[in-house]
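*Asks:* I am attaching a structure below and will ask some questions about it afterwards.
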Amino acid sequence: METKQMDRDLKTRHISMIAIGGSIGTGLFMASGAVISQAGPGGALIAYAIIGVMIYFLMTALGELATFYPVSGAFNAYASRFIDPAAGFTVGWLYWIIWSLVTSVDILTAAQVLSYWHIFSNIHPFIWCLIFLGLLFALNAFSVKLFGEAEFWFSIIKVITIIIFLIMGLLLIFGIIGGEPIGFKNFTIGDAPFHNGLLGLLGVLVVAGFSFGGTEVVAVTAGESENPEESMPKAIKQVFWRILLFYIGSIFIIACIIPYTDPRLLNQHSDIAMSPFTIIFEKVGILFAASVMNAIILTAVLSAGNSGLYATSRLLFSLSQDGKAPRFLGKLSKKNMPFNALVVTTVFIIMTLIYANINIGGYGKLLNMIGTLVLLVWSISIISHMRLRKAIKVQNKDINTLLPFKAPLYPVGPIIVLCTIAFLMVGQCFSDIQVGNWPKVIETFIPLFVAMIVYIAYKFIKQTKFIASDEMDLSEHRL
């Protein structure tokens, strides 16, 4: 098998900004308005706070794993080393499929956003999809440093937009601009702050959870980080404050300025003019607000696609290196890039894009399964973390010497994550259970059944064994 290693050219600033970029996307820019309209301002804040706490503990667990075992294709490697090679095979291929589909969606969304400007609408969206995919391929094909720089600047644009939004929002709330102070009156209109009560909160928890999807990609960068022991803890520790400022702060501003009864918040489709960010920029009086937000959202989805293509190619490379994918996918180019894995991933995305243009309805069903797959990957990652801690205890190792970074509040953090994931698993089909739509409920859990079949089949064929805590390899954790 290929013995060369990929270059460690991702600096601390790259890792930190990738951690930011992974947690800011269309979920915040677009879905936040729908969350407020369905659950009210109080329900939305509680939903994002609950998911924010879960994501923080998930990221600290991943930070501990990534600093102890800094490899590319993290999730496959963690599960293989700390649970069972069959679990690594399953989570690796599932995560590759997830991000290949998500990257396809990001590219499709980018083409859709671009069509907002009439000057670009004469070109078929599929052509724009290929152009955007070509751009992302170029950013990932030549050097990891180029990818890091692109994601660094993509993330800066998003961060600056949100900071400006927060400042303008506060000025509006207190009447410094825009006339009369708005204050907090929108928290008391109708049945606010908790619209639809407990059911409203349950209904938006899943949306809030999926809005944070992609935050975990930073763990994949550990294998190409210049100094993972420095960059990973720094990036992970900042996640809590980013969640508090960017998500909770933005939701609070939107809830104060726009009443949950505003019909524009109900639009969850592709009309970017209905973004709550756009509505507030228009209230401030910024000209061309819709065009500005379209440009920002275009940047956001391309950034997400950039991270997705990076993650998928590294995961495929890692699977091959571990003997769970064809050998040629584990070879590096002259520039120490997983070029073969990148090409195969790109071909799969092109096929997905073609399918999406032929059969949108069928593609939509695949997308509905992504949520369950993501929750499954998160669960296996947390279990990997718990298994590592158990092995350290069983083998009487010094945890302070062995772990460069330790997840706080263990084991409370992993328990919170697993309980929240279980709640989300049921919550995503709660309305279908209520009305007795059992075929839809079964469809929701199909990915879980498929994952179990894949795991059992690989375990049977390869005769893999569950790794006992006292036999787990805890040596050579620095690459």
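Following the order of the structure tokens, first chain is A, next is B, and so on, with residues numbered from 1 inside each chain and ligands from 1 in the order they appear.
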For A:Met386, work out the shell of residues within 12 Å, counting only C-alpha atoms and skipping chain neighbours fewer than 2 positions away, then give it as a ChimeraX atom specification.

*Replies:* /A:58,61-62,64-65,78-79,82-83,379-384,388-393,407,410-415,417-418,469

*Asks:* For the residues in the current selection, export C-alpha atoms as a PDB file, in the first residue's frame.

*Replies:*
```pdb
ATOM      1  CA  LEU A  58     -19.657  16.476  19.852  1.00  0.00           C
ATOM      2  CA  ALA A  61     -15.068  14.658  21.600  1.00  0.00           C
ATOM      3  CA  LEU A  62     -13.868  14.874  17.998  1.00  0.00           C
ATOM      4  CA  GLU A  64      -9.849  14.689  21.566  1.00  0.00           C
ATOM      5  CA  LEU A  65      -9.871  11.968  18.916  1.00  0.00           C
ATOM      6  CA  TYR A  78     -11.636   6.285  14.589  1.00  0.00           C
ATOM      7  CA  ALA A  79     -14.321   3.610  14.279  1.00  0.00           C
ATOM      8  CA  PHE A  82     -11.595   2.022  18.642  1.00  0.00           C
ATOM      9  CA  ILE A  83     -14.714  -0.061  17.831  1.00  0.00           C
ATOM     10  CA  SER A 379     -23.342   8.488  17.016  1.00  0.00           C
ATOM     11  CA  ILE A 380     -20.495   6.227  15.887  1.00  0.00           C
ATOM     12  CA  SER A 381     -17.990   9.061  16.409  1.00  0.00           C
ATOM     13  CA  ILE A 382     -19.174   9.586  19.991  1.00  0.00           C
ATOM     14  CA  ILE A 383     -19.033   5.849  20.659  1.00  0.00           C
ATOM     15  CA  SER A 384     -15.446   5.846  19.301  1.00  0.00           C
ATOM     16  CA  LEU A 388     -10.990   5.342  23.648  1.00  0.00           C
ATOM     17  CA  ARG A 389     -11.597   6.646  27.171  1.00  0.00           C
ATOM     18  CA  LYS A 390     -12.599   3.186  28.399  1.00  0.00           C
ATOM     19  CA  ALA A 391      -9.434   1.638  26.926  1.00  0.00           C
ATOM     20  CA  ILE A 392      -7.255   4.244  28.627  1.00  0.00           C
ATOM     21  CA  LYS A 393      -8.910   3.420  31.955  1.00  0.00           C
ATOM     22  CA  ALA A 407     -12.902  16.797  26.201  1.00  0.00           C
ATOM     23  CA  TYR A 410     -16.613  13.569  30.380  1.00  0.00           C
ATOM     24  CA  PRO A 411     -18.785  11.422  30.453  1.00  0.00           C
ATOM     25  CA  VAL A 412     -21.610  13.981  30.707  1.00  0.00           C
ATOM     26  CA  GLY A 413     -20.847  15.407  27.252  1.00  0.00           C
ATOM     27  CA  PRO A 414     -21.116  12.137  25.278  1.00  0.00           C
ATOM     28  CA  ILE A 415     -24.296  11.181  27.168  1.00  0.00           C
ATOM     29  CA  VAL A 417     -24.891  13.973  22.569  1.00  0.00           C
ATOM     30  CA  LEU A 418     -26.273  10.423  22.382  1.00  0.00           C
ATOM     31  CA  SER A 469     -10.581  -2.397  25.616  1.00  0.00           C
TER      32      SER A 469
END
```

*Asks:* Identify which of the residues A:Leu309, A:Leu316, A:Ile258, A:Val206 lies closest to A:Asp106, counting only C-alpha atoms when measuring atom-to-atom distances.

*Replies:*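 Nearest to A:Asp106: A:Leu309.
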
*Asks:* Show which residues sit within 10 Å of A:Leu199, as a list in words. Count only C-alpha atoms, and ignore same-chain residues fewer than 2 positions away.

*Replies:*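 Selected residues are Gln38, Ala39, Gly43, Phe194, His195, Asn196, Gly197, Leu201, Leu202, Gly203, Val204, Phe430 and Ser431 of chain A.
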
*Asks:* So that I can check the surroundings of A:Thr372, please list as an NGL selection string every protein, DNA and RNA residue that reaches within 8 Å of it, counting only C-alpha atoms and ignoring chain neighbours fewer than 6 positions away.

*Replies:* :A and (425 or 444-445 or 447-448)

*Asks:* Taking only C-alpha atoms into account, name the residue in A:Pro276, A:Gly285, A:Gly148, A:Gly169 that is nearest to A:Ser37.

*Replies:*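 Nearest candidate to A:Ser37 out of A:Pro276, A:Gly285, A:Gly148, A:Gly169: A:Pro276.
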
*Asks:* With a distance cut-off of 7 Å and only C-alpha atoms, select the neighbouring residues of stretch 90-92 of chain A, excluding the residue or stretch itself and same-chain residues fewer than 2 positions from it, and output the selection as a list in words.

*Replies:*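 Result of the neighbour search: Phe75, Asn76, Ala86, Ala87, Gly88, Leu94, Tyr95, Trp96, Leu315, Leu319, Val377, Ala451, Val454 and Tyr455 of chain A.
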
*Asks:* Considering only C-alpha atoms, state which residue in the set A:Pro125, A:Gly63, A:Pro259, A:Gly200 is at the smallest distance from A:Thr215.

*Replies:*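 Once distances to A:Thr215 are computed over only C-alpha atoms, the minimum belongs to A:Gly63.
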
*Asks:* Using DSSP assignments from the backbone, pull out every residue in stretch 260-438 of chain A that falls under helix (DSSP H, G or I) and give it to me as number ranges by chain.

*Replies:* A: 263-266, 272-274, 276-284, 289-321, 327-330, 339-358, 360-394, 399-402, 412-427, 430-435, 438

*Asks:* Which of these, A:Ala66, A:Ile433, A:Leu329, A:Ile97, has the shortest distance to A:Ile236 once you count only C-alpha atoms?

*Replies:* A:Ala66

*Asks:* One number please: atom CA of A:Ile248 to atom CA of A:Ile286, in Å, one decimal.

*Replies:*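 For atom CA of A:Ile248 relative to atom CA of A:Ile286, the distance reads 23.6 Å.
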
*Asks:* What separation in Å, quoted to one decimal, exists between atom CA of A:Tyr247 and atom CA of A:Ile36?

*Replies:* 12.7 Å

*Asks:* Which residue out of A:Ala192, A:Ile182, A:Ile253, A:Ile123 has the minimum interatomic distance to A:Ile162 when only C-alpha atoms are used?

*Replies:*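 So, comparing all the options, the nearest one is A:Ile253.
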
*Asks:* From the list A:Ile107, A:Pro193, A:Val113, A:Lys324, which residue is nearest A:Tyr458 when using only C-alpha atoms?

*Replies:* A:Lys324
